[in-house]
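A.B. asks: Just so it is clear, I am handing over run.txt, which has compact mmCIF, C-alpha atoms.
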# COMPACT_ATOMS: atom_id res chain seq x y z
CA MET L 3 -8.01 -14.92 36.85
CA ALA L 4 -11.69 -14.13 37.08
CA ALA L 5 -11.63 -11.19 34.70
CA LYS L 6 -13.91 -11.59 31.72
CA PHE L 7 -13.86 -8.31 29.89
CA LEU L 8 -11.04 -6.03 28.93
CA VAL L 9 -11.60 -2.30 29.36
CA PHE L 10 -9.39 0.70 28.71
CA CYS L 11 -9.17 3.69 30.99
CA GLY L 12 -8.09 7.12 29.84
CA LEU L 13 -9.01 10.21 27.89
CA VAL L 14 -9.04 10.91 24.20
CA SER L 15 -6.14 13.13 23.24
CA LEU L 16 -7.12 16.57 21.96
CA ALA L 17 -3.98 17.18 19.93
CA SER L 18 -1.92 15.09 17.57
CA ALA L 19 0.84 15.86 15.12
CA THR L 20 -0.14 13.17 12.65
CA ILE L 21 -1.15 14.57 9.30
CA LYS L 22 -3.20 11.78 7.75
CA LEU L 23 -3.88 9.33 10.57
CA GLN L 24 -6.82 10.27 12.77
CA GLU L 25 -6.63 9.40 16.47
CA ILE L 26 -9.82 7.72 17.62
CA PHE L 27 -8.88 6.06 20.95
CA SER L 28 -6.28 6.76 23.61
CA TRP L 29 -5.64 5.53 27.16
CA ASN L 30 -3.37 6.16 30.10
CA VAL L 31 -3.48 2.60 31.43
CA VAL L 32 -5.04 -0.75 30.60
CA ASP L 33 -7.34 -2.28 33.16
CA TRP L 34 -9.65 -5.30 33.47
CA ASN L 35 -13.33 -5.47 34.28
CA TYR L 36 -13.96 -7.83 37.18
CA PRO L 37 -17.35 -9.27 38.18
CA ASP L 38 -17.30 -7.07 41.29
CA GLN L 39 -15.04 -4.59 43.04
CA PHE L 40 -14.15 -7.07 45.80
CA SER L 41 -12.70 -9.55 43.28
CA LYS L 42 -10.64 -6.83 41.68
CA GLN L 43 -9.25 -5.57 44.98
CA GLN L 44 -8.34 -9.12 45.96
CA ALA L 45 -6.50 -9.58 42.66
CA LEU L 46 -4.61 -6.35 43.24
CA ARG L 47 -3.60 -7.42 46.77
CA THR L 48 -2.37 -10.85 45.67
CA GLY L 49 -0.56 -9.56 42.60
CA ALA L 50 -2.82 -11.45 40.20
CA LEU L 51 -3.57 -8.05 38.65
CA ILE L 52 -0.83 -5.51 38.04
CA PRO L 53 -2.24 -2.88 35.67
CA GLU L 54 1.23 -1.43 35.08
CA ASN L 55 2.28 -4.76 33.54
CA ALA L 56 -0.36 -4.52 30.82
CA LEU L 57 0.94 -3.47 27.42
CA PRO L 58 -1.30 -3.64 24.31
CA VAL L 59 0.74 -5.00 21.42
CA GLY L 60 -1.66 -5.96 18.62
CA ILE L 61 -4.69 -4.62 16.80
CA GLU L 62 -7.18 -6.05 14.32
CA ARG L 63 -10.48 -4.90 12.87
CA TRP L 64 -13.38 -7.01 11.60
CA ARG L 65 -16.69 -5.41 10.63
CA ASN L 66 -17.78 -3.30 13.60
CA LYS L 67 -15.33 -4.92 16.03
CA LEU L 68 -11.90 -3.65 16.97
CA PHE L 69 -9.64 -6.20 18.68
CA VAL L 70 -6.71 -5.20 20.88
CA SER L 71 -4.43 -7.93 22.17
CA VAL L 72 -2.72 -7.63 25.57
CA PRO L 73 -0.37 -10.47 26.55
CA ARG L 74 -0.26 -11.57 30.16
CA TRP L 75 3.23 -11.34 31.61
CA ARG L 76 4.88 -12.43 34.81
CA SER L 77 6.09 -9.68 37.13
CA ASP L 78 9.52 -9.67 35.38
CA ASN L 79 7.67 -8.62 32.13
CA VAL L 80 9.54 -10.98 29.80
CA THR L 81 8.20 -14.49 30.42
CA ASN L 82 5.12 -15.86 28.71
CA VAL L 83 3.02 -17.91 31.12
CA CYS L 84 0.79 -19.66 28.55
CA PRO L 85 1.69 -22.55 26.21
CA TYR L 86 1.90 -21.53 22.57
CA THR L 87 -1.57 -22.25 21.27
CA LEU L 88 -3.49 -21.31 18.16
CA ASN L 89 -7.08 -20.44 19.05
CA VAL L 90 -9.55 -20.05 16.17
CA PHE L 91 -12.87 -18.27 16.74
CA ASP L 92 -16.05 -17.89 14.75
CA LEU L 93 -16.45 -14.14 14.99
CA ASN L 94 -20.13 -14.33 14.13
CA THR L 95 -20.80 -16.25 17.34
CA ASP L 96 -17.63 -15.51 19.37
CA GLN L 97 -17.28 -19.27 19.85
CA ILE L 98 -13.95 -21.07 19.65
CA ILE L 99 -13.96 -23.64 16.84
CA ARG L 100 -10.42 -25.01 17.09
CA LYS L 101 -7.57 -25.04 19.55
CA TYR L 102 -4.14 -26.23 18.45
CA VAL L 103 -1.10 -26.42 20.73
CA LEU L 104 2.23 -26.19 18.92
CA ARG L 105 4.20 -29.42 18.99
CA PRO L 106 7.36 -29.70 21.12
CA GLU L 107 9.31 -30.06 17.85
CA ASP L 108 8.07 -26.63 16.76
CA ILE L 109 9.50 -24.64 19.65
CA VAL L 110 12.81 -24.24 21.46
CA SER L 111 13.66 -23.09 24.97
CA THR L 112 13.88 -19.44 23.88
CA THR L 113 10.78 -19.42 21.63
CA PHE L 114 8.85 -16.14 21.64
CA ILE L 115 6.05 -15.90 19.04
CA ALA L 116 6.00 -12.32 17.79
CA ASN L 117 3.57 -12.24 14.85
CA ILE L 118 1.14 -14.30 12.77
CA ALA L 119 0.46 -14.10 9.02
CA LEU L 120 -2.43 -15.86 7.27
CA ASP L 121 -2.30 -17.52 3.85
CA ILE L 122 -5.82 -18.27 2.60
CA GLY L 123 -5.91 -20.32 -0.59
CA THR L 124 -8.83 -21.45 -2.72
CA SER L 125 -10.98 -22.46 0.27
CA CYS L 126 -11.09 -22.31 4.05
CA GLU L 127 -9.57 -25.77 4.18
CA ASP L 128 -6.67 -24.49 2.08
CA THR L 129 -5.50 -22.10 4.79
CA PHE L 130 -2.10 -21.81 6.43
CA ALA L 131 -0.83 -19.71 9.32
CA TYR L 132 2.80 -18.67 9.80
CA PHE L 133 4.34 -17.72 13.16
CA SER L 134 7.58 -15.76 13.64
CA ASP L 135 9.70 -17.01 16.53
CA GLU L 136 11.64 -13.88 17.47
CA LEU L 137 14.02 -15.25 20.09
CA GLY L 138 14.11 -18.84 18.84
CA TYR L 139 15.01 -17.67 15.29
CA GLY L 140 12.45 -19.85 13.56
CA LEU L 141 9.36 -19.72 11.35
CA ILE L 142 6.49 -22.11 12.11
CA ALA L 143 3.90 -23.12 9.50
CA TYR L 144 0.48 -24.53 10.34
CA SER L 145 -1.94 -26.27 7.95
CA TRP L 146 -5.63 -26.02 8.74
CA GLU L 147 -6.47 -29.03 6.57
CA GLN L 148 -3.78 -31.25 8.10
CA ASN L 149 -4.15 -29.70 11.56
CA LYS L 150 -0.40 -29.94 11.86
CA SER L 151 2.58 -27.60 12.20
CA TRP L 152 6.27 -27.70 11.27
CA ARG L 153 9.29 -25.46 11.84
CA PHE L 154 11.76 -23.81 9.47
CA SER L 155 15.20 -22.56 10.46
CA HIS L 156 17.33 -20.12 8.47
CA SER L 157 20.13 -17.64 9.05
CA TYR L 158 17.88 -14.90 7.63
CA PHE L 159 15.79 -15.22 10.80
CA MET L 160 18.69 -14.06 12.95
CA PRO L 161 19.56 -10.49 14.03
CA ASP L 162 22.14 -8.36 12.26
CA PRO L 163 24.93 -7.69 14.80
CA LEU L 164 25.76 -4.36 13.12
CA VAL L 165 22.39 -2.69 13.76
CA GLY L 166 21.52 -3.70 17.32
CA ASP L 167 21.68 -0.13 18.66
CA PHE L 168 18.35 1.69 19.12
CA ASN L 169 17.39 5.29 19.89
CA ILE L 170 13.69 5.73 20.68
CA ALA L 171 11.87 8.34 22.79
CA GLY L 172 15.17 9.80 23.98
CA LEU L 173 16.40 6.39 25.15
CA ASN L 174 19.49 4.64 23.85
CA PHE L 175 19.55 0.87 24.32
CA GLN L 176 20.65 -2.31 22.60
CA TRP L 177 18.30 -5.03 21.39
CA GLY L 178 20.96 -7.06 19.66
CA ALA L 179 19.31 -10.48 20.10
CA GLU L 180 15.98 -9.72 18.41
CA GLY L 181 15.37 -12.01 15.42
CA ILE L 182 12.52 -12.51 12.94
CA PHE L 183 9.59 -10.36 13.97
CA GLY L 184 7.36 -8.67 11.39
CA ILE L 185 5.82 -10.94 8.71
CA THR L 186 3.13 -10.50 6.08
CA ALA L 187 1.87 -12.38 3.02
CA SER L 188 1.51 -10.85 -0.44
CA PRO L 189 -1.47 -11.29 -2.79
CA ILE L 190 -1.59 -14.62 -4.65
CA GLY L 191 0.89 -14.58 -7.52
CA ALA L 192 0.70 -15.96 -11.05
CA ASP L 193 2.02 -19.31 -9.82
CA GLY L 194 -0.86 -19.67 -7.34
CA TYR L 195 1.25 -18.94 -4.25
CA ARG L 196 1.89 -15.93 -2.07
CA THR L 197 5.21 -14.45 -1.01
CA LEU L 198 5.92 -14.18 2.70
CA TYR L 199 7.90 -11.05 3.55
CA PHE L 200 9.76 -10.93 6.86
CA SER L 201 12.53 -9.16 8.73
CA PRO L 202 14.29 -9.53 12.08
CA LEU L 203 13.72 -6.69 14.54
CA SER L 204 17.45 -6.08 14.84
CA SER L 205 17.90 -5.60 11.09
CA HIS L 206 17.33 -3.11 8.29
CA THR L 207 16.94 -5.83 5.66
CA GLU L 208 13.79 -7.31 4.12
CA PHE L 209 13.66 -11.02 3.22
CA SER L 210 11.12 -13.24 1.50
CA VAL L 211 10.16 -16.82 0.70
CA SER L 212 7.41 -18.34 -1.43
CA THR L 213 4.57 -19.97 0.47
CA ARG L 214 5.04 -22.86 -1.95
CA ILE L 215 8.04 -23.73 0.23
CA LEU L 216 6.39 -23.07 3.58
CA ARG L 217 3.30 -25.13 2.73
CA ASP L 218 5.44 -28.22 2.10
CA GLU L 219 6.66 -29.98 5.25
CA THR L 220 9.30 -31.84 3.23
CA LYS L 221 10.97 -28.48 2.48
CA VAL L 222 11.90 -27.96 6.13
CA LYS L 223 15.36 -29.24 5.21
CA GLY L 224 17.21 -28.38 2.03
CA SER L 225 15.38 -25.13 1.24
CA TYR L 226 18.12 -22.66 2.19
CA LYS L 227 18.38 -21.17 -1.32
CA ASP L 228 14.61 -20.75 -1.62
CA PHE L 229 14.80 -17.79 0.76
CA SER L 230 15.70 -14.42 -0.76
CA VAL L 231 17.02 -11.00 0.18
CA VAL L 232 14.52 -8.38 -1.00
CA GLY L 233 16.50 -5.24 -0.13
CA VAL L 234 17.53 -2.80 2.57
CA ARG L 235 15.37 -0.05 4.09
CA GLY L 236 18.32 2.11 5.08
CA PRO L 237 19.32 3.73 8.40
CA ASP L 238 16.76 3.79 11.21
CA GLY L 239 14.91 0.98 9.51
CA HIS L 240 13.97 -1.22 12.46
CA THR L 241 10.45 -2.60 12.19
CA THR L 242 8.26 -4.99 14.17
CA ALA L 243 5.02 -5.10 12.17
CA LYS L 244 4.05 -5.11 8.50
CA VAL L 245 1.00 -5.75 6.35
CA MET L 246 0.40 -5.88 2.58
CA ASP L 247 -2.87 -5.15 0.79
CA ASP L 248 -4.19 -6.93 -2.30
CA SER L 249 -2.60 -4.34 -4.62
CA GLY L 250 0.89 -5.09 -3.34
CA VAL L 251 1.40 -2.04 -1.08
CA GLN L 252 3.22 -2.89 2.13
CA LEU L 253 2.89 -0.78 5.28
CA PHE L 254 5.20 -1.20 8.25
CA ASN L 255 6.13 0.58 11.45
CA LEU L 256 9.44 2.47 11.66
CA ILE L 257 10.03 2.47 15.38
CA ASP L 258 13.20 4.61 15.27
CA GLN L 259 11.36 7.35 13.34
CA ASN L 260 7.98 7.35 15.13
CA ALA L 261 6.48 6.76 11.73
CA VAL L 262 4.58 4.43 9.43
CA GLY L 263 6.53 3.49 6.31
CA CYS L 264 5.37 2.14 2.98
CA TRP L 265 6.67 0.30 -0.08
CA ARG L 266 5.00 -0.61 -3.38
CA SER L 267 6.17 -4.14 -4.23
CA SER L 268 6.35 -3.39 -7.97
CA LEU L 269 9.37 -1.18 -7.18
CA PRO L 270 12.86 -2.31 -6.12
CA TYR L 271 13.25 -2.48 -2.35
CA LYS L 272 15.73 0.32 -1.60
CA PRO L 273 15.72 3.58 0.40
CA GLN L 274 14.59 5.68 -2.59
CA ASN L 275 11.40 3.61 -2.80
CA ILE L 276 10.63 3.57 0.92
CA GLY L 277 8.06 6.25 1.78
CA ILE L 278 6.94 7.83 5.03
CA ALA L 279 3.15 7.58 5.14
CA ASP L 280 2.79 9.50 8.41
CA LYS L 281 4.87 10.54 11.41
CA ASP L 282 4.27 11.88 14.93
CA ASP L 283 7.02 12.29 17.52
CA VAL L 284 4.48 12.20 20.35
CA GLY L 285 1.53 10.06 19.34
CA LEU L 286 3.44 7.50 17.27
CA VAL L 287 6.19 6.71 19.74
CA PHE L 288 6.61 3.00 19.00
CA PRO L 289 3.78 2.36 16.50
CA VAL L 290 3.61 -1.27 17.54
CA ASP L 291 1.12 -2.65 15.02
CA VAL L 292 -0.27 -1.81 11.56
CA LYS L 293 -3.26 -3.49 9.89
CA ILE L 294 -5.49 -3.00 6.82
CA ASP L 295 -9.13 -4.03 7.02
CA ASP L 296 -11.45 -5.29 4.28
CA GLU L 297 -12.57 -1.74 3.51
CA LYS L 298 -8.98 -0.62 2.89
CA ASN L 299 -8.79 1.37 6.11
CA VAL L 300 -5.45 1.37 7.91
CA TRP L 301 -5.32 0.87 11.67
CA VAL L 302 -2.25 1.78 13.73
CA MET L 303 -1.63 1.37 17.44
CA SER L 304 1.22 2.95 19.41
CA ASP L 305 2.21 1.83 22.91
CA ARG L 306 5.60 3.36 23.89
CA MET L 307 7.01 -0.15 24.24
CA ALA L 308 10.61 1.05 24.43
CA VAL L 309 9.77 3.21 27.44
CA PHE L 310 7.76 0.36 28.99
CA LEU L 311 10.68 -2.08 28.70
CA GLU L 312 13.70 0.19 29.16
CA ALA L 313 12.41 2.85 31.58
CA GLU L 314 9.01 3.52 33.18
CA LEU L 315 5.77 4.79 31.73
CA ASP L 316 4.11 7.87 33.17
CA TYR L 317 0.55 6.70 33.74
CA SER L 318 -0.68 10.24 34.20
CA ASP L 319 0.09 10.74 30.53
CA ILE L 320 -1.50 9.13 27.48
CA ASN L 321 0.53 6.04 26.61
CA PHE L 322 -1.60 4.02 24.18
CA ARG L 323 -3.30 5.30 21.04
CA VAL L 324 -5.25 3.93 18.08
CA TYR L 325 -5.28 5.72 14.72
CA THR L 326 -7.02 5.10 11.42
CA ALA L 327 -7.04 6.46 7.85
CA PRO L 328 -8.00 5.20 4.38
CA LEU L 329 -5.07 3.49 2.71
CA ASP L 330 -5.24 5.73 -0.37
CA THR L 331 -5.13 8.82 1.85
CA LEU L 332 -2.19 7.49 3.82
CA ILE L 333 0.04 6.82 0.80
CA GLN L 334 -1.07 9.87 -1.19
CA GLY L 335 1.90 12.01 -2.18
CA THR L 336 4.43 9.27 -1.39
CA VAL L 337 6.46 7.03 -3.67
CA CYS L 338 3.98 4.28 -2.75
CA GLU L 339 1.05 6.01 -4.43
CA ALA L 340 -0.51 4.09 -7.32
CA PRO L 341 0.93 5.09 -10.72
CA LEU L 342 -1.37 7.01 -13.03
CA PRO L 343 -2.98 5.20 -15.95
CA VAL L 344 -1.11 5.81 -19.20
CA LEU L 345 -3.82 8.05 -20.68
CA GLN L 346 -4.13 10.15 -17.54
CA ALA L 347 -0.36 10.45 -17.27
CA GLN L 348 -0.20 11.72 -20.85
CA GLN L 349 -2.79 14.38 -20.06
CA ILE L 350 -0.78 15.63 -17.13
CA LEU L 351 2.75 15.28 -18.44
CA LYS L 352 2.24 16.36 -22.06
CA PRO L 353 0.67 19.70 -23.02
CA PRO L 354 -1.94 19.62 -25.80
CA GLN L 355 -0.33 19.53 -29.22
CA PRO L 356 -2.00 21.45 -32.12
CA ILE L 357 -2.78 19.56 -35.28
CA LYS L 358 -2.11 21.24 -38.63
CA ALA L 359 -5.00 23.53 -39.48
CA LEU L 360 -7.11 22.53 -42.44
CA SER L 361 -9.25 25.65 -42.53
CA ARG L 362 -10.25 28.50 -40.28
CA ALA L 363 -10.75 26.02 -37.47
CA LYS L 364 -8.00 24.83 -35.15
CA LEU L 365 -7.99 21.37 -33.58
CA TYR L 366 -6.17 20.42 -30.36
CA ASN L 367 -5.44 16.98 -29.02
CA HIS L 368 -7.99 16.50 -26.25
CA GLY L 369 -6.24 13.40 -24.86
CA LEU L 370 -9.45 11.51 -24.13
CA GLY L 371 -8.93 8.78 -26.69
CA VAL L 372 -11.72 10.06 -28.98
CA THR L 373 -11.00 9.57 -32.66
CA ALA L 374 -12.72 12.23 -34.71
CA THR L 375 -12.67 13.79 -38.18
CA PRO L 376 -13.68 17.33 -37.30
CA PHE L 377 -13.78 18.73 -40.83
CA SER L 378 -14.97 17.73 -44.24
CA GLU L 379 -12.44 17.76 -47.07
CA ALA L 380 -11.09 21.31 -47.30
CA VAL L 381 -9.27 21.89 -50.58
CA ALA L 382 -9.28 24.64 -53.17
CA VAL L 383 -10.06 23.36 -56.62
CA TYR L 384 -8.49 25.42 -59.40
CA THR L 385 -9.73 25.35 -62.95
CA PRO L 386 -7.27 26.98 -65.37
CA GLY L 387 -8.34 29.21 -68.19
CA SER L 388 -6.36 30.98 -70.92
CA THR L 389 -5.91 34.54 -72.11
CA LYS L 390 -3.39 36.15 -74.36
CA SER L 391 -1.89 38.07 -71.44
CA GLY L 392 -1.40 35.05 -69.28
CA LEU L 393 -3.25 32.41 -67.33
CA THR L 394 -6.57 33.10 -65.72
CA GLY L 395 -8.89 30.79 -63.94
CA SER L 396 -11.38 30.42 -61.14
CA TYR L 397 -11.28 28.56 -57.85
CA ARG L 398 -13.89 27.28 -55.49
CA GLN L 399 -13.65 26.33 -51.81
CA PRO L 400 -16.00 23.74 -50.24
CA ILE L 401 -17.82 24.82 -47.15
CA ILE L 402 -16.18 23.74 -43.88
CA LYS L 403 -18.48 21.38 -42.03
CA ASN L 404 -17.86 20.88 -38.34
CA THR L 405 -18.31 17.19 -37.48
CA ALA L 406 -16.21 17.13 -34.32
CA PRO L 407 -17.59 15.36 -31.21
CA LYS L 408 -18.61 17.63 -28.40
CA VAL L 409 -15.71 17.49 -25.94
CA GLN L 410 -15.73 20.52 -23.68
CA ASN L 411 -12.60 22.64 -23.31
CA TYR L 412 -10.50 20.62 -25.71
CA ILE L 413 -11.62 21.57 -29.24
CA TYR L 414 -11.75 25.18 -30.34
CA ILE L 415 -13.70 25.86 -33.54
CA PRO L 416 -14.31 29.51 -34.51
CA LYS L 417 -17.62 30.50 -36.01
CA GLN L 418 -17.92 29.69 -39.73
CA THR L 419 -19.46 32.40 -41.91
CA SER L 420 -18.29 31.53 -45.40
CA PRO L 421 -20.87 30.41 -48.03
CA ALA L 422 -20.88 26.99 -49.63
CA TYR L 423 -18.68 28.18 -52.48
CA THR L 424 -16.56 31.27 -52.97
CA SER L 425 -15.67 32.47 -56.44
CA GLY L 426 -12.48 34.23 -57.41
CA GLN L 427 -9.98 34.76 -60.22
CA PHE L 428 -6.31 33.86 -60.39
CA THR L 429 -4.03 35.62 -62.89
CA ARG L 430 -0.71 34.05 -63.62
CA PRO L 431 2.13 35.89 -65.37
CA LYS L 432 2.94 34.79 -68.88
CA SER L 433 5.43 31.98 -68.82
CA THR L 434 8.36 31.67 -71.15
CA ASN L 435 8.04 27.95 -70.79
CA LYS L 436 6.05 26.43 -73.62
CA ASN L 437 4.62 23.84 -71.23
CA PRO L 438 4.20 25.44 -67.82
CA TRP L 439 3.29 23.18 -64.89
CA TRP L 440 -0.29 24.35 -64.75
CA ASN L 441 -0.92 23.07 -68.25
CA LYS L 442 -0.21 19.49 -67.19
CA ALA L 443 -3.46 19.04 -65.24
CA THR L 444 -6.96 20.32 -65.24
CA ASN L 445 -7.43 20.59 -61.46
CA TYR L 446 -4.96 21.65 -58.81
CA ASN L 447 -5.45 21.12 -55.11
CA TYR L 448 -4.25 23.60 -52.53
CA GLU L 449 -4.43 23.47 -48.75
CA VAL L 450 -6.42 26.43 -47.56
CA PHE L 451 -5.01 28.08 -44.42
CA GLU L 452 -6.37 30.73 -42.17
CA PRO L 453 -5.75 34.18 -43.68
Please render this file's structure as structure tokens.

C.D. replies:
Amino acid sequence: MAAKFLVFCGLVSLASATIKLQEIFSWNVVDWNYPDQFSKQQALRTGALIPENALPVGIERWRNKLFVSVPRWRSDNVTNVCPYTLNVFDLNTDQIIRKYVLRPEDIVSTTFIANIALDIGTSCEDTFAYFSDELGYGLIAYSWEQNKSWRFSHSYFMPDPLVGDFNIAGLNFQWGAEGIFGITASPIGADGYRTLYFSPLSSHTEFSVSTRILRDETKVKGSYKDFSVVGVRGPDGHTTAKVMDDSGVQLFNLIDQNAVGCWRSSLPYKPQNIGIADKDDVGLVFPVDVKIDDEKNVWVMSDRMAVFLEAELDYSDINFRVYTAPLDTLIQGTVCEAPLPVLQAQQILKPPQPIKALSRAKLYNHGLGVTATPFSEAVAVYTPGSTKSGLTGSYRQPIIKNTAPKVQNYIYIPKQTSPAYTSGQFTRPKSTNKNPWWNKATNYNYEVFEP
């Protein structure tokens, strides 16, 4: 086909029910830019161009470029017409730098590549790519350094026959044959490897495997027990796309719920720890792809795929949308939000506790980690005397010196007006004890409290 540039036709939607995600692009239909109008009309007449067959399914952002992928289908909408090929581009020059066609041993007659996850190691040479084969129930690994691929098979790649029923956009249908679809790699772990998370489309279960296994071609056989069950999302937990940032937060689409879900990988994978980052029953009908860019902005595209495949799109309506939001904003208020630092949590969860008063001043725990001695020694020194009627004596009180650090709103110190020393007399009643306690020492210390 002579088309060179992909263009999108439509209007930006003026209303959206999303709370955090901001809609920035929307289209009614996807079209192609031909060199001239005659070439386009000829393509339309011959069937080389059928705009209604175009369905955007992937999104990616790099610097100031936003990439939207649109597969080319035959007129029956289910057959891929191109050989499975990995094309690698230098985005600085838009030049292709490598083209790799998957080996015949890597694919089967029903192969349908659904997603790609990258695993970048210590250098560009130490880079692997992983491909999910949805309908062939396989996982293909590719090594940049070896320029070679190999295929893994596992029962975890297969659909769950108990959850093949779908209800999306008012349509009820069965996608019972859909296998491994969404995949994403975690940050590098303590052992130097990432974890690849994956799930079949017809499933509510999350699985994983270490990239230590996937990077080793000899592990293609005999690695069954190296794959793990992570947990279950719960009802209406079908997903086709997922991505994890370098802090371990995973985002994924929840196509039954018209929503974007989230999970913090430090928590057990179970329904209580699965959050809803955002939801929109109009704009997010089939949020087909979710990505996080280098600036920690989330990008989401919706395309009404269920309607496209099971019914018919209304091309007078907006069918395709692109949303974005900062990751922190998207997960704020959900179970996926980053836990508070210990000190900050103490400030919020524990009210200030008063410390025993030493003088007229009162000290409260400011919770900022500042160690301070806000007062000089505050004791009353008593010097006994003697009279025939009983015990007399004098006392003196050191001046209270405020040496507390200046921390606003946390330390309350009333104004001090007392002189350096205050004189006074004590009179004790005559004791019948020949050796009363106050005769056993010359000085007696008392804590001085606020009157």

A.B. asks: Select all residues near (-4.1, -13.2, -1.8) (cut-off 8 Å, inclusive, file coordinates), counting all atoms listed in the file, and output them as an mmCIF file with C-alpha atoms, in the coordinates of the input.

C.D. replies:
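The result, written out as part16.cif:
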data_model
loop_
_atom_site.group_PDB
_atom_site.id
_atom_site.type_symbol
_atom_site.label_atom_id
_atom_site.label_comp_id
_atom_site.auth_asym_id
_atom_site.auth_seq_id
_atom_site.Cartn_x
_atom_site.Cartn_y
_atom_site.Cartn_z
ATOM 1 C CA ASP L 121 -2.300 -17.520 3.850
ATOM 2 C CA ILE L 122 -5.820 -18.270 2.600
ATOM 3 C CA GLY L 123 -5.910 -20.320 -0.590
ATOM 4 C CA ALA L 187 1.870 -12.380 3.020
ATOM 5 C CA SER L 188 1.510 -10.850 -0.440
ATOM 6 C CA PRO L 189 -1.470 -11.290 -2.790
ATOM 7 C CA ILE L 190 -1.590 -14.620 -4.650
ATOM 8 C CA GLY L 191 0.890 -14.580 -7.520
ATOM 9 C CA ARG L 196 1.890 -15.930 -2.070
ATOM 10 C CA ASP L 248 -4.190 -6.930 -2.300
#

A.B. asks: Find the residue from L:Leu137, L:Ser204, L:Pro237, L:Thr197 that sits nearest to Phe175 of chain L; use only C-alpha atoms when measuring.

C.D. replies: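 Among the listed residues, the smallest separation from Phe175 of chain L belongs to L:Ser204.
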
A.B. asks: Restricting the calculation to all atoms listed in the file, which member of L:Phe114, L:Phe130, L:Trp34, L:Tyr102 is positioned closest to Tyr195 of chain L?

C.D. replies: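 Smallest distance to Tyr195 of chain L is found for L:Phe130.
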
A.B. asks: In file coordinates, which residues lie within 10 Å of (2.0, -7.6, 9.9) using all atoms listed in the file, given as number ranges by chain?

C.D. replies: L: 60, 117-120, 183-187, 199-200, 242-246, 252-255, 291-294

A.B. asks: Could you check how far atom CA of Tyr271 of chain L sits from atom CA of Gly172 of chain L, in Å to one decimal?

C.D. replies: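 Between atom CA of Tyr271 of chain L and atom CA of Gly172 of chain L the gap works out to 29.1 Å.
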
A.B. asks: Looking at all atoms listed in the file, which of L:Thr113, L:Arg266, L:Trp64, L:Arg214 is the one that sits closest to Asn94 of chain L?

C.D. replies: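 Selected residue with least distance to Asn94 of chain L: L:Trp64.
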
A.B. asks: Quick check, in Å to one decimal: how far apart do atom CA of Asp33 of chain L and atom CA of Leu256 of chain L lie?

C.D. replies: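 Computed distance, atom CA of Asp33 of chain L to atom CA of Leu256 of chain L, equals 27.7 Å.
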
A.B. asks: Find, counting all atoms listed in the file, the residue in L:Gly239, L:Gly233, L:Gly178, L:Pro343 that gets nearest to Ser267 of chain L.

C.D. replies: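 The answer is L:Gly233, which sits nearest to Ser267 of chain L.
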
A.B. asks: Between atom CA of Ser28 of chain L and atom CA of Ile333 of chain L, what is the distance, to one decimal in Å?

C.D. replies: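 We find that atom CA of Ser28 of chain L and atom CA of Ile333 of chain L lie 23.7 Å from each other.
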
A.B. asks: Leaving out Val211 of chain L and any residue of its chain fewer than 5 positions from it, which residues lie within 8 Å of it when counting all atoms listed in the file, given as a compact mmCIF listing (two decimals) with C-alpha atoms, in the frame of the given file?

C.D. replies:
# COMPACT_ATOMS: atom_id res chain seq x y z
CA THR L 197 5.21 -14.45 -1.01
CA LEU L 198 5.92 -14.18 2.70
CA TYR L 199 7.90 -11.05 3.55
CA LEU L 216 6.39 -23.07 3.58
CA ASP L 228 14.61 -20.75 -1.62
CA PHE L 229 14.80 -17.79 0.76
CA SER L 230 15.70 -14.42 -0.76

A.B. asks: Between L:Ala192, L:Cys264, L:Val59, L:Gln148, single out the one closest to Glu127 of chain L, counting all atoms listed in the file.

C.D. replies: L:Gln148

A.B. asks: Between L:Arg217, L:Ala50, L:Glu339, L:Trp152, which residue has the minimum interatomic distance to Asp128 of chain L, considering only C-alpha atoms?

C.D. replies: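 Among the listed residues, the smallest separation from Asp128 of chain L belongs to L:Arg217.
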